[in-house]
2 protein chains.
Amino acid sequence: MNISRASDYAIRGLVYMAKKPAGTVCFVKDIAKNTNSPASFMSKIFQTLAKSGIVHSFIGTKGGFTFNTRPEDITIKMVVEIIDGPIVLNRCVINKSSCQNAGNCDVHFMWTDIQKMLSKALSSYSIADFANDTFKNKLPKSDLNFA
Amino acid sequence: MNISRASDYAIRGLVYMAKKPAGTVCFVKDIAKNTNSPASFMSKIFQTLAKSGIVHSFIGTKGGFTFNTRPEDITIKMVVEIIDGPIVLNRCVINKSSCQNAGNCDVHFMWTDIQKMLSKALSSYSIADFANDTFKNKLPKSDLNFA
DNA sequence: AATATTAAGACAAATTTTATCTTAATTTGA
DNA sequence: TCAAATTAAGATAAAATTTGTCTTAATATT
Ligand code: SF4
Ligand code: SF4
């Protein structure tokens, strides 16, 4: 029940990039150094981000990465799902047919409800939010108080 | 970003038990059969639940498991944490000192906020809720709509 | 005391995570 | 023009976690 180190690195790497002027080409080496993460691991992570299309990669000398999608449009959920795969609290929340018990399972509905909440929370933050010191709590107060 | 199969089995195993009259001694074999889960795996899961204290185990013929805590008082969060370990969306949400970057990390606060929400959601459901057909959505409407 | 039944605990396979190491592409400059 | 330098891409591998099974020990029954 956690995001991977890779997702943590990816998010902070993208935030680092988003702080640069739009269009800046960034090297993995610099991204890694400035985010306290292993460069070779970060390299593979950005490889995956490039495949997904949210960043563009240039190979060779003067290569590097730029955004292919505006940081404002890259949600935390997107990043986590690109790196860790779909966010699925329990297998039945993608499609009920993935579990033979789903038809008469008592707890199925809880997972879909909590998943919805988590999914929306992760979608409500963008990379740009953290790059521009515009962070603010995007969760309604009730979310933190309903206990 | 998901609960383990083991936690899913544990929750449903406990719900199965909670449907029996209070005090009923249940065999792993029956619990497993009625929850569509591998008996030997369920055995190890209930071993862990017994160690945690929420159920009591009896060894030998006529052995089995009974609740040691009322199903009303066993939250989903408790079960998941007993089986999967602490629910921690990202390492920094337990204690900031677990991450050297926490001091000047842009995204740290998001994780603590979302963690609070998730934690409260999982705490708001008990095993008894699912055993007695008393399930109802315990999340405030805003949680599902704030996007 | 032998047998049957049950959970406890040791062991192991499979998968996922977290990386590193090698290769290929591109630019630069001798 | 071609070697050297630089950068990402891709292959490989170690470590940790998950998902189980198999063997042992405890207890009750006959
Ligand atoms: S909660 Fe119910 S429906 Fe979902 S995976 Fe578990 S058994 Fe299947
Ligand atoms: S989000 Fe920031 S504080 Fe939390 S683990 Fe990642 S780097 Fe550390």
# chains A, B, ... in the order shown; residues from 1 in each chain; ligands from 1
>>> residues_near_ligand(ligand="ligand 2", cutoff="12 Å", atoms="only C-alpha atoms (C1' of nucleotides) and all ligand atoms", output="PyMOL selection string")
(chain A and resi 2-13+15-16+32+34-37+76+130) or (chain B and resi 88-115)
>>> calpha_fit_and_write(fixed="chain A", moving="chain B", output="short mmCIF file (atom, residue, chain, number, x, y, z; two decimals) with N, CA and C atoms, in the first residue's frame")
data_model
loop_
_atom_site.label_atom_id
_atom_site.label_comp_id
_atom_site.auth_asym_id
_atom_site.auth_seq_id
_atom_site.Cartn_x
_atom_site.Cartn_y
_atom_site.Cartn_z
N MET B 1 0.83 -1.21 -0.04
CA MET B 1 0.00 -0.01 -0.02
C MET B 1 0.86 1.26 -0.02
N ASN B 2 1.68 1.37 -1.01
CA ASN B 2 2.50 2.58 -1.12
C ASN B 2 2.93 2.79 -2.57
N ILE B 3 3.37 4.00 -2.85
CA ILE B 3 3.96 4.22 -4.17
C ILE B 3 5.40 3.73 -4.11
N SER B 4 5.95 3.42 -5.26
CA SER B 4 7.33 2.91 -5.29
C SER B 4 8.31 4.07 -5.18
N ARG B 5 9.54 3.72 -4.85
CA ARG B 5 10.61 4.71 -4.90
C ARG B 5 10.67 5.34 -6.28
N ALA B 6 10.48 4.50 -7.30
CA ALA B 6 10.55 4.99 -8.68
C ALA B 6 9.54 6.11 -8.93
N SER B 7 8.33 5.95 -8.41
CA SER B 7 7.32 7.00 -8.59
C SER B 7 7.69 8.26 -7.84
N ASP B 8 8.22 8.09 -6.64
CA ASP B 8 8.66 9.25 -5.88
C ASP B 8 9.74 10.00 -6.66
N TYR B 9 10.71 9.26 -7.19
CA TYR B 9 11.77 9.88 -7.99
C TYR B 9 11.20 10.58 -9.22
N ALA B 10 10.28 9.91 -9.89
CA ALA B 10 9.70 10.46 -11.12
C ALA B 10 9.00 11.78 -10.84
N ILE B 11 8.18 11.80 -9.80
CA ILE B 11 7.43 13.02 -9.47
C ILE B 11 8.39 14.17 -9.18
N ARG B 12 9.38 13.88 -8.34
CA ARG B 12 10.29 14.96 -7.96
C ARG B 12 11.19 15.37 -9.11
N GLY B 13 11.51 14.42 -9.97
CA GLY B 13 12.30 14.74 -11.17
C GLY B 13 11.52 15.67 -12.09
N LEU B 14 10.25 15.38 -12.26
CA LEU B 14 9.41 16.21 -13.12
C LEU B 14 9.19 17.60 -12.51
N VAL B 15 9.05 17.62 -11.17
CA VAL B 15 8.89 18.92 -10.50
C VAL B 15 10.16 19.76 -10.70
N TYR B 16 11.31 19.10 -10.60
CA TYR B 16 12.58 19.81 -10.83
C TYR B 16 12.60 20.41 -12.23
N MET B 17 12.21 19.61 -13.21
CA MET B 17 12.17 20.09 -14.59
C MET B 17 11.21 21.27 -14.75
N ALA B 18 10.06 21.15 -14.06
CA ALA B 18 9.01 22.16 -14.23
C ALA B 18 9.41 23.52 -13.65
N LYS B 19 10.44 23.51 -12.81
CA LYS B 19 10.90 24.77 -12.24
C LYS B 19 11.76 25.56 -13.23
N LYS B 20 12.29 24.86 -14.24
CA LYS B 20 13.11 25.52 -15.26
C LYS B 20 12.20 26.24 -16.24
N PRO B 21 12.73 27.22 -16.97
CA PRO B 21 11.92 27.86 -18.01
C PRO B 21 11.38 26.83 -18.99
N ALA B 22 10.19 27.05 -19.47
CA ALA B 22 9.56 26.10 -20.38
C ALA B 22 10.47 25.81 -21.56
N GLY B 23 10.59 24.55 -21.92
CA GLY B 23 11.38 24.17 -23.07
C GLY B 23 12.82 23.79 -22.75
N THR B 24 13.25 24.05 -21.52
CA THR B 24 14.61 23.71 -21.12
C THR B 24 14.87 22.21 -21.29
N VAL B 25 16.02 21.88 -21.87
CA VAL B 25 16.41 20.48 -21.98
C VAL B 25 17.20 20.09 -20.73
N CYS B 26 16.75 19.05 -20.05
CA CYS B 26 17.40 18.63 -18.80
C CYS B 26 18.07 17.27 -18.94
N PHE B 27 19.25 17.15 -18.33
CA PHE B 27 19.96 15.87 -18.32
C PHE B 27 19.54 15.05 -17.12
N VAL B 28 19.47 13.75 -17.31
CA VAL B 28 19.17 12.86 -16.20
C VAL B 28 20.16 13.07 -15.06
N LYS B 29 21.41 13.26 -15.43
CA LYS B 29 22.46 13.44 -14.42
C LYS B 29 22.11 14.58 -13.47
N ASP B 30 21.66 15.71 -14.04
CA ASP B 30 21.31 16.86 -13.22
C ASP B 30 20.03 16.61 -12.42
N ILE B 31 19.05 16.02 -13.11
CA ILE B 31 17.78 15.73 -12.43
C ILE B 31 18.04 14.84 -11.22
N ALA B 32 18.86 13.82 -11.42
CA ALA B 32 19.15 12.89 -10.34
C ALA B 32 19.88 13.58 -9.20
N LYS B 33 20.90 14.37 -9.55
CA LYS B 33 21.68 15.06 -8.52
C LYS B 33 20.78 15.96 -7.67
N ASN B 34 19.90 16.68 -8.34
CA ASN B 34 19.06 17.66 -7.64
C ASN B 34 17.87 17.04 -6.92
N THR B 35 17.67 15.77 -7.09
CA THR B 35 16.56 15.13 -6.39
C THR B 35 17.05 14.03 -5.46
N ASN B 36 18.38 13.96 -5.29
CA ASN B 36 18.93 12.93 -4.40
C ASN B 36 18.50 11.53 -4.79
N SER B 37 18.68 11.19 -6.06
CA SER B 37 18.27 9.86 -6.49
C SER B 37 19.36 9.25 -7.38
N PRO B 38 19.43 7.92 -7.42
CA PRO B 38 20.46 7.25 -8.20
C PRO B 38 20.29 7.54 -9.69
N ALA B 39 21.34 8.07 -10.31
CA ALA B 39 21.25 8.54 -11.69
C ALA B 39 20.85 7.44 -12.66
N SER B 40 21.42 6.26 -12.49
CA SER B 40 21.13 5.20 -13.46
C SER B 40 19.68 4.72 -13.34
N PHE B 41 19.19 4.76 -12.11
CA PHE B 41 17.79 4.39 -11.90
C PHE B 41 16.88 5.47 -12.51
N MET B 42 17.24 6.72 -12.25
CA MET B 42 16.45 7.82 -12.81
C MET B 42 16.44 7.75 -14.32
N SER B 43 17.53 7.30 -14.88
CA SER B 43 17.61 7.18 -16.34
C SER B 43 16.53 6.23 -16.85
N LYS B 44 16.42 5.10 -16.19
CA LYS B 44 15.42 4.13 -16.61
C LYS B 44 14.00 4.66 -16.39
N ILE B 45 13.83 5.43 -15.34
CA ILE B 45 12.52 6.01 -15.05
C ILE B 45 12.11 6.99 -16.13
N PHE B 46 13.06 7.84 -16.53
CA PHE B 46 12.73 8.81 -17.58
C PHE B 46 12.55 8.15 -18.94
N GLN B 47 13.21 7.04 -19.10
CA GLN B 47 12.97 6.23 -20.30
C GLN B 47 11.49 5.86 -20.38
N THR B 48 10.96 5.42 -19.25
CA THR B 48 9.54 5.04 -19.20
C THR B 48 8.64 6.25 -19.39
N LEU B 49 9.01 7.37 -18.78
CA LEU B 49 8.21 8.58 -18.95
C LEU B 49 8.20 9.01 -20.42
N ALA B 50 9.34 8.84 -21.08
CA ALA B 50 9.43 9.21 -22.50
C ALA B 50 8.53 8.31 -23.34
N LYS B 51 8.57 7.03 -23.04
CA LYS B 51 7.72 6.09 -23.78
C LYS B 51 6.25 6.46 -23.65
N SER B 52 5.87 6.94 -22.47
CA SER B 52 4.47 7.28 -22.22
C SER B 52 4.05 8.52 -22.99
N GLY B 53 5.05 9.32 -23.37
CA GLY B 53 4.74 10.51 -24.15
C GLY B 53 4.69 11.81 -23.38
N ILE B 54 4.76 11.77 -22.05
CA ILE B 54 4.65 13.05 -21.33
C ILE B 54 5.93 13.86 -21.39
N VAL B 55 7.06 13.19 -21.65
CA VAL B 55 8.29 13.94 -21.91
C VAL B 55 8.86 13.48 -23.25
N HIS B 56 9.73 14.31 -23.79
CA HIS B 56 10.39 13.98 -25.06
C HIS B 56 11.87 13.81 -24.77
N SER B 57 12.48 12.81 -25.39
CA SER B 57 13.91 12.59 -25.13
C SER B 57 14.75 12.87 -26.37
N PHE B 58 15.96 13.38 -26.15
CA PHE B 58 16.94 13.60 -27.20
C PHE B 58 18.19 12.82 -26.83
N ILE B 59 18.65 12.01 -27.74
CA ILE B 59 19.79 11.15 -27.45
C ILE B 59 21.08 11.87 -27.85
N GLY B 60 22.20 11.37 -27.36
CA GLY B 60 23.51 11.91 -27.75
C GLY B 60 23.90 13.17 -27.01
N THR B 61 25.08 13.67 -27.35
CA THR B 61 25.56 14.91 -26.74
C THR B 61 24.50 15.99 -26.91
N LYS B 62 24.35 16.81 -25.89
CA LYS B 62 23.32 17.86 -25.88
C LYS B 62 21.92 17.24 -25.92
N GLY B 63 21.85 15.98 -25.56
CA GLY B 63 20.55 15.33 -25.49
C GLY B 63 19.85 15.73 -24.22
N GLY B 64 18.92 14.91 -23.77
CA GLY B 64 18.20 15.21 -22.55
C GLY B 64 16.70 15.08 -22.71
N PHE B 65 16.00 15.70 -21.77
CA PHE B 65 14.53 15.57 -21.77
C PHE B 65 13.86 16.93 -21.69
N THR B 66 12.75 17.06 -22.38
CA THR B 66 11.87 18.22 -22.22
C THR B 66 10.44 17.72 -22.01
N PHE B 67 9.61 18.61 -21.51
CA PHE B 67 8.20 18.26 -21.38
C PHE B 67 7.57 18.14 -22.76
N ASN B 68 6.69 17.17 -22.88
CA ASN B 68 5.91 17.02 -24.10
C ASN B 68 4.45 17.34 -23.80
N THR B 69 4.16 17.41 -22.50
CA THR B 69 2.84 17.78 -21.98
C THR B 69 3.10 18.88 -20.96
N ARG B 70 2.25 19.87 -20.90
CA ARG B 70 2.47 20.95 -19.94
C ARG B 70 2.40 20.42 -18.51
N PRO B 71 3.30 20.84 -17.65
CA PRO B 71 3.29 20.40 -16.26
C PRO B 71 1.94 20.59 -15.59
N GLU B 72 1.21 21.59 -16.03
CA GLU B 72 -0.14 21.82 -15.47
C GLU B 72 -1.06 20.66 -15.78
N ASP B 73 -0.77 19.97 -16.86
CA ASP B 73 -1.66 18.91 -17.33
C ASP B 73 -1.20 17.52 -16.92
N ILE B 74 -0.07 17.45 -16.22
CA ILE B 74 0.43 16.15 -15.76
C ILE B 74 0.02 15.97 -14.30
N THR B 75 -0.92 15.07 -14.05
CA THR B 75 -1.35 14.86 -12.68
C THR B 75 -0.45 13.84 -11.99
N ILE B 76 -0.49 13.87 -10.67
CA ILE B 76 0.28 12.89 -9.90
C ILE B 76 -0.20 11.49 -10.21
N LYS B 77 -1.50 11.36 -10.40
CA LYS B 77 -2.01 10.03 -10.74
C LYS B 77 -1.40 9.52 -12.05
N MET B 78 -1.30 10.39 -13.03
CA MET B 78 -0.72 9.99 -14.31
C MET B 78 0.70 9.45 -14.12
N VAL B 79 1.49 10.17 -13.36
CA VAL B 79 2.90 9.78 -13.17
C VAL B 79 2.98 8.44 -12.46
N VAL B 80 2.23 8.31 -11.38
CA VAL B 80 2.28 7.06 -10.62
C VAL B 80 1.84 5.88 -11.49
N GLU B 81 0.83 6.11 -12.31
CA GLU B 81 0.34 5.00 -13.13
C GLU B 81 1.30 4.66 -14.26
N ILE B 82 2.00 5.65 -14.79
CA ILE B 82 3.00 5.37 -15.82
C ILE B 82 4.12 4.52 -15.23
N ILE B 83 4.54 4.86 -14.04
CA ILE B 83 5.70 4.16 -13.44
C ILE B 83 5.30 2.86 -12.75
N ASP B 84 4.28 2.93 -11.90
CA ASP B 84 3.91 1.76 -11.10
C ASP B 84 2.82 0.90 -11.73
N GLY B 85 2.25 1.39 -12.80
CA GLY B 85 1.09 0.69 -13.36
C GLY B 85 -0.18 1.19 -12.70
N PRO B 86 -1.34 0.72 -13.18
CA PRO B 86 -2.62 1.21 -12.71
C PRO B 86 -2.75 1.18 -11.19
N ILE B 87 -3.32 2.22 -10.65
CA ILE B 87 -3.62 2.28 -9.23
C ILE B 87 -4.89 1.50 -9.00
N VAL B 88 -4.77 0.39 -8.30
CA VAL B 88 -5.90 -0.50 -8.09
C VAL B 88 -5.82 -1.03 -6.66
N LEU B 89 -6.65 -0.50 -5.77
CA LEU B 89 -6.57 -0.89 -4.37
C LEU B 89 -6.77 -2.38 -4.18
N ASN B 90 -7.69 -2.94 -4.95
CA ASN B 90 -7.93 -4.38 -4.92
C ASN B 90 -8.35 -4.78 -6.33
N ARG B 91 -8.05 -5.98 -6.72
CA ARG B 91 -8.20 -6.37 -8.12
C ARG B 91 -9.60 -6.12 -8.70
N CYS B 92 -10.60 -6.20 -7.84
CA CYS B 92 -11.97 -6.10 -8.33
C CYS B 92 -12.39 -4.70 -8.73
N VAL B 93 -11.58 -3.70 -8.41
CA VAL B 93 -12.03 -2.34 -8.70
C VAL B 93 -11.83 -1.94 -10.16
N ILE B 94 -11.00 -2.68 -10.90
CA ILE B 94 -10.89 -2.38 -12.34
C ILE B 94 -12.15 -2.89 -13.02
N ASN B 95 -12.33 -4.20 -12.95
CA ASN B 95 -13.57 -4.77 -13.47
C ASN B 95 -13.97 -5.94 -12.58
N LYS B 96 -15.23 -5.97 -12.25
CA LYS B 96 -15.72 -6.99 -11.33
C LYS B 96 -15.38 -8.39 -11.80
N SER B 97 -15.31 -8.58 -13.11
CA SER B 97 -15.09 -9.93 -13.64
C SER B 97 -13.70 -10.45 -13.34
N SER B 98 -12.81 -9.58 -12.86
CA SER B 98 -11.46 -10.03 -12.52
C SER B 98 -11.46 -10.86 -11.24
N CYS B 99 -12.59 -10.89 -10.55
CA CYS B 99 -12.69 -11.72 -9.33
C CYS B 99 -13.98 -12.50 -9.36
N GLN B 100 -13.86 -13.80 -9.22
CA GLN B 100 -15.03 -14.66 -9.31
C GLN B 100 -16.00 -14.45 -8.15
N ASN B 101 -15.50 -13.84 -7.08
CA ASN B 101 -16.37 -13.63 -5.92
C ASN B 101 -17.17 -12.33 -6.00
N ALA B 102 -16.77 -11.48 -6.93
CA ALA B 102 -17.32 -10.12 -6.95
C ALA B 102 -18.84 -10.09 -6.92
N GLY B 103 -19.45 -11.10 -7.54
CA GLY B 103 -20.90 -11.12 -7.61
C GLY B 103 -21.58 -11.08 -6.26
N ASN B 104 -21.05 -11.85 -5.31
CA ASN B 104 -21.68 -11.85 -3.99
C ASN B 104 -20.66 -11.55 -2.89
N CYS B 105 -19.81 -10.55 -3.16
CA CYS B 105 -18.79 -10.20 -2.17
C CYS B 105 -19.27 -9.03 -1.33
N ASP B 106 -19.13 -9.19 -0.01
CA ASP B 106 -19.62 -8.17 0.90
C ASP B 106 -18.79 -6.88 0.86
N VAL B 107 -17.50 -7.02 0.60
CA VAL B 107 -16.63 -5.86 0.75
C VAL B 107 -16.28 -5.16 -0.56
N HIS B 108 -16.69 -5.75 -1.66
CA HIS B 108 -16.36 -5.18 -2.97
C HIS B 108 -16.65 -3.68 -3.05
N PHE B 109 -17.81 -3.27 -2.56
CA PHE B 109 -18.22 -1.88 -2.71
C PHE B 109 -17.33 -0.92 -1.94
N MET B 110 -16.83 -1.39 -0.82
CA MET B 110 -15.93 -0.52 -0.07
C MET B 110 -14.71 -0.17 -0.91
N TRP B 111 -14.14 -1.17 -1.55
CA TRP B 111 -12.92 -0.92 -2.34
C TRP B 111 -13.18 0.03 -3.49
N THR B 112 -14.30 -0.15 -4.16
CA THR B 112 -14.57 0.77 -5.29
C THR B 112 -14.77 2.19 -4.77
N ASP B 113 -15.43 2.33 -3.62
CA ASP B 113 -15.66 3.66 -3.08
C ASP B 113 -14.35 4.33 -2.66
N ILE B 114 -13.53 3.59 -1.93
CA ILE B 114 -12.28 4.20 -1.47
C ILE B 114 -11.35 4.47 -2.66
N GLN B 115 -11.37 3.55 -3.61
CA GLN B 115 -10.56 3.75 -4.82
C GLN B 115 -10.93 5.05 -5.53
N LYS B 116 -12.24 5.30 -5.64
CA LYS B 116 -12.70 6.51 -6.30
C LYS B 116 -12.13 7.74 -5.60
N MET B 117 -12.19 7.69 -4.29
CA MET B 117 -11.71 8.81 -3.50
C MET B 117 -10.22 9.03 -3.71
N LEU B 118 -9.46 7.94 -3.62
CA LEU B 118 -8.00 8.03 -3.77
C LEU B 118 -7.63 8.51 -5.16
N SER B 119 -8.32 7.96 -6.14
CA SER B 119 -8.04 8.30 -7.52
C SER B 119 -8.27 9.79 -7.79
N LYS B 120 -9.37 10.28 -7.24
CA LYS B 120 -9.66 11.70 -7.43
C LYS B 120 -8.67 12.58 -6.70
N ALA B 121 -8.24 12.12 -5.54
CA ALA B 121 -7.26 12.90 -4.80
C ALA B 121 -5.96 13.03 -5.59
N LEU B 122 -5.49 11.91 -6.14
CA LEU B 122 -4.23 11.92 -6.88
C LEU B 122 -4.36 12.68 -8.19
N SER B 123 -5.57 12.76 -8.71
CA SER B 123 -5.79 13.49 -9.96
C SER B 123 -5.88 14.99 -9.73
N SER B 124 -6.08 15.37 -8.49
CA SER B 124 -6.35 16.78 -8.22
C SER B 124 -5.06 17.61 -8.09
N TYR B 125 -3.92 16.91 -8.09
CA TYR B 125 -2.64 17.62 -8.01
C TYR B 125 -1.88 17.48 -9.33
N SER B 126 -1.27 18.55 -9.79
CA SER B 126 -0.45 18.48 -11.00
C SER B 126 1.01 18.76 -10.64
N ILE B 127 1.91 18.38 -11.55
CA ILE B 127 3.33 18.66 -11.36
C ILE B 127 3.57 20.15 -11.16
N ALA B 128 2.83 20.96 -11.91
CA ALA B 128 3.02 22.41 -11.82
C ALA B 128 2.71 22.95 -10.43
N ASP B 129 1.76 22.31 -9.76
CA ASP B 129 1.39 22.77 -8.41
C ASP B 129 2.59 22.82 -7.48
N PHE B 130 3.51 21.89 -7.66
CA PHE B 130 4.63 21.79 -6.74
C PHE B 130 5.85 22.57 -7.22
N ALA B 131 5.84 22.92 -8.48
CA ALA B 131 6.98 23.64 -9.05
C ALA B 131 6.88 25.14 -8.78
N ASN B 132 5.67 25.63 -8.62
CA ASN B 132 5.47 27.07 -8.56
C ASN B 132 5.13 27.60 -7.18
N ASP B 133 5.41 26.82 -6.17
CA ASP B 133 5.05 27.25 -4.82
C ASP B 133 3.58 27.60 -4.71
N THR B 134 2.79 27.03 -5.59
CA THR B 134 1.36 27.32 -5.53
C THR B 134 0.62 26.20 -4.80
N PHE B 135 1.44 25.36 -4.11
CA PHE B 135 0.79 24.25 -3.42
C PHE B 135 -0.25 24.75 -2.44
N LYS B 136 -1.39 24.13 -2.53
CA LYS B 136 -2.34 24.30 -1.45
C LYS B 136 -3.10 22.99 -1.32
N ASN B 137 -3.62 22.76 -0.14
CA ASN B 137 -4.36 21.53 0.08
C ASN B 137 -5.57 21.50 -0.83
N LYS B 138 -5.63 20.54 -1.69
CA LYS B 138 -6.73 20.48 -2.64
C LYS B 138 -7.87 19.59 -2.15
N LEU B 139 -7.67 18.99 -1.01
CA LEU B 139 -8.71 18.12 -0.49
C LEU B 139 -9.71 18.94 0.30
N PRO B 140 -10.99 18.65 0.16
CA PRO B 140 -11.98 19.37 0.97
C PRO B 140 -11.76 19.03 2.43
N LYS B 141 -12.10 19.96 3.28
CA LYS B 141 -11.87 19.74 4.70
C LYS B 141 -12.50 18.46 5.19
N SER B 142 -13.64 18.14 4.64
CA SER B 142 -14.35 16.95 5.10
C SER B 142 -13.51 15.69 4.97
N ASP B 143 -12.68 15.66 3.95
CA ASP B 143 -11.88 14.46 3.74
C ASP B 143 -10.96 14.18 4.92
N LEU B 144 -10.52 15.24 5.53
CA LEU B 144 -9.58 15.07 6.62
C LEU B 144 -10.28 14.97 7.96
N ASN B 145 -11.57 15.14 7.94
CA ASN B 145 -12.28 15.21 9.22
C ASN B 145 -13.43 14.25 9.40
N PHE B 146 -13.69 13.43 8.39
CA PHE B 146 -14.95 12.70 8.48
C PHE B 146 -14.95 11.56 9.49
N ALA B 147 -13.77 11.25 10.02
CA ALA B 147 -13.68 10.12 10.94
C ALA B 147 -14.73 10.22 12.02
#
>>> select_by_dssp(residues="chain B", states="helix (DSSP H, G or I)", output="ChimeraX atom specification")
/B:5-19,28-35,39-52,71-73,76-84,91-93,96-98,102-104,108-123,127-131,141-145
>>> interface_residues(of="chain C", to="chain B", cutoff="8 Å", atoms="only C-alpha atoms (C1' of nucleotides)", output="MDAnalysis selection string")
chainID C and resid 4:8
>>> write_last_selection(atoms="C-alpha atoms (C1' of nucleotides)", output="mmCIF file, in the first residue's frame")
data_model
loop_
_atom_site.group_PDB
_atom_site.id
_atom_site.type_symbol
_atom_site.label_atom_id
_atom_site.label_comp_id
_atom_site.auth_asym_id
_atom_site.auth_seq_id
_atom_site.Cartn_x
_atom_site.Cartn_y
_atom_site.Cartn_z
ATOM 1 C "C1'" DA C 4 -7.197 -38.281 13.680
ATOM 2 C "C1'" DT C 5 -7.533 -33.397 13.495
ATOM 3 C "C1'" DT C 6 -6.058 -28.926 13.799
ATOM 4 C "C1'" DA C 7 -2.895 -24.843 13.897
ATOM 5 C "C1'" DA C 8 2.215 -23.484 13.944
#
>>> interface_residues(of="chain D", to="chain A", cutoff="7 Å", atoms="only C-alpha atoms (C1' of nucleotides)", output="tab-separated table (two decimals) with N, CA and C atoms (P, O5', C5', C4', C3', O3' and C1' of nucleotides), in the first residue's frame")
chain	number	residue	atom	x	y	z
D	6	DT	P	32.75	14.78	-21.85
D	6	DT	O5'	31.21	14.58	-22.22
D	6	DT	C5'	30.59	15.47	-23.14
D	6	DT	C4'	29.22	14.94	-23.50
D	6	DT	C3'	28.38	14.49	-22.30
D	6	DT	O3'	27.13	15.13	-22.36
D	6	DT	C1'	28.34	12.87	-23.99
D	7	DT	P	26.30	15.42	-21.04
D	7	DT	O5'	24.99	14.56	-21.27
D	7	DT	C5'	24.15	14.82	-22.39
D	7	DT	C4'	23.50	13.54	-22.86
D	7	DT	C3'	22.80	12.70	-21.81
D	7	DT	O3'	21.45	13.09	-21.69
D	7	DT	C1'	23.85	11.39	-23.50
D	8	DA	P	20.47	12.28	-20.68
D	8	DA	O5'	19.78	11.18	-21.59
D	8	DA	C5'	19.05	11.57	-22.76
D	8	DA	C4'	18.75	10.35	-23.61
D	8	DA	C3'	17.75	9.36	-23.01
D	8	DA	O3'	16.92	8.87	-24.05
D	8	DA	C1'	19.79	8.25	-23.38
>>> residues_around(residues="DA14 of chain D", least_positions_apart="5", cutoff="12 Å", atoms="only C-alpha atoms (C1' of nucleotides)", output="PyMOL selection string")
chain C and resi 17-20
>>> write_last_selection(atoms="C-alpha atoms (C1' of nucleotides)", output="PDB file, in the first residue's frame")
ATOM      1  C1'  DT C  17      11.204  -3.586  -6.930  1.00  0.00           C
ATOM      2  C1'  DT C  18      15.441  -1.357  -7.217  1.00  0.00           C
ATOM      3  C1'  DA C  19      18.813  -0.826  -9.121  1.00  0.00           C
ATOM      4  C1'  DT C  20      23.654  -1.331 -12.357  1.00  0.00           C
TER       5       DT C  20
END
>>> atom_distance(atom1="atom C1' of DG9 of chain C", atom2="atom C1' of DA25 of chain D")
9.1 Å
>>> atom_distance(atom1="atom 8 (Fe, counted along the ligand's line) of ligand 1", atom2="atom C1' of DT21 of chain D")
22.8 Å
>>> atom_distance(atom1="atom C1' of DA3 of chain D", atom2="atom C1' of DG29 of chain C")
9.6 Å
>>> select_by_dssp(residues="segment 12-135 of chain A", states="strand (DSSP E or B)", output="PyMOL selection string")
chain A and resi 26+55-58+64-67+75+126
>>> residues_around(residues="segment 21-24 of chain C", least_positions_apart="2", cutoff="8 Å", atoms="only C-alpha atoms (C1' of nucleotides)", output="list in words")
DA9, DG10, DA11 and DT12 of chain D
>>> decode(residues="segment 18-25 of chain C", atoms="N, CA, C and O atoms (P, O5', C5', C4', C3', O3' and C1' of nucleotides)", output="tab-separated table (two decimals), in the first residue's frame")
chain	number	residue	atom	x	y	z
C	18	DT	P	10.90	0.17	-5.07
C	18	DT	O5'	12.44	-0.09	-5.43
C	18	DT	C5'	13.25	-0.82	-4.52
C	18	DT	C4'	14.64	-0.94	-5.10
C	18	DT	C3'	15.22	0.37	-5.66
C	18	DT	O3'	16.54	0.53	-5.16
C	18	DT	C1'	15.44	-1.36	-7.22
C	19	DA	P	17.22	1.95	-5.17
C	19	DA	O5'	17.44	2.26	-6.71
C	19	DA	C5'	18.74	2.27	-7.21
C	19	DA	C4'	19.21	0.88	-7.63
C	19	DA	C3'	20.37	0.92	-8.58
C	19	DA	O3'	21.55	1.09	-7.86
C	19	DA	C1'	18.81	-0.83	-9.12
C	20	DT	P	22.72	1.88	-8.55
C	20	DT	O5'	23.35	0.77	-9.52
C	20	DT	C5'	23.76	-0.48	-8.99
C	20	DT	C4'	24.30	-1.36	-10.11
C	20	DT	C3'	25.42	-0.70	-10.93
C	20	DT	O3'	26.38	-1.71	-11.22
C	20	DT	C1'	23.65	-1.33	-12.36
C	21	DC	P	27.84	-1.30	-11.75
C	21	DC	O5'	27.97	-2.08	-13.12
C	21	DC	C5'	27.25	-3.31	-13.32
C	21	DC	C4'	27.08	-3.56	-14.82
C	21	DC	C3'	28.22	-2.99	-15.68
C	21	DC	O3'	28.61	-4.00	-16.60
C	21	DC	C1'	26.13	-2.24	-16.48
C	22	DT	P	29.81	-3.67	-17.66
C	22	DT	O5'	29.03	-3.58	-19.05
C	22	DT	C5'	28.12	-4.64	-19.39
C	22	DT	C4'	27.40	-4.29	-20.68
C	22	DT	C3'	28.31	-3.84	-21.83
C	22	DT	O3'	27.90	-4.55	-22.99
C	22	DT	C1'	26.61	-2.25	-21.49
C	23	DT	P	28.60	-4.28	-24.43
C	23	DT	O5'	27.51	-3.38	-25.17
C	23	DT	C5'	26.18	-3.88	-25.29
C	23	DT	C4'	25.32	-2.85	-26.01
C	23	DT	C3'	25.90	-2.33	-27.33
C	23	DT	O3'	24.90	-2.48	-28.32
C	23	DT	C1'	25.25	-0.53	-25.96
C	24	DA	P	25.24	-2.09	-29.87
C	24	DA	O5'	24.45	-0.72	-30.04
C	24	DA	C5'	23.09	-0.65	-29.66
C	24	DA	C4'	22.60	0.78	-29.78
C	24	DA	C3'	22.98	1.47	-31.09
C	24	DA	O3'	21.87	2.24	-31.48
C	24	DA	C1'	23.76	2.75	-29.29
C	25	DA	P	21.76	2.85	-32.97
C	25	DA	O5'	21.65	4.41	-32.74
C	25	DA	C5'	20.62	4.92	-31.91
C	25	DA	C4'	20.99	6.31	-31.47
C	25	DA	C3'	21.32	7.27	-32.61
C	25	DA	O3'	20.47	8.38	-32.50
C	25	DA	C1'	22.97	7.37	-30.91
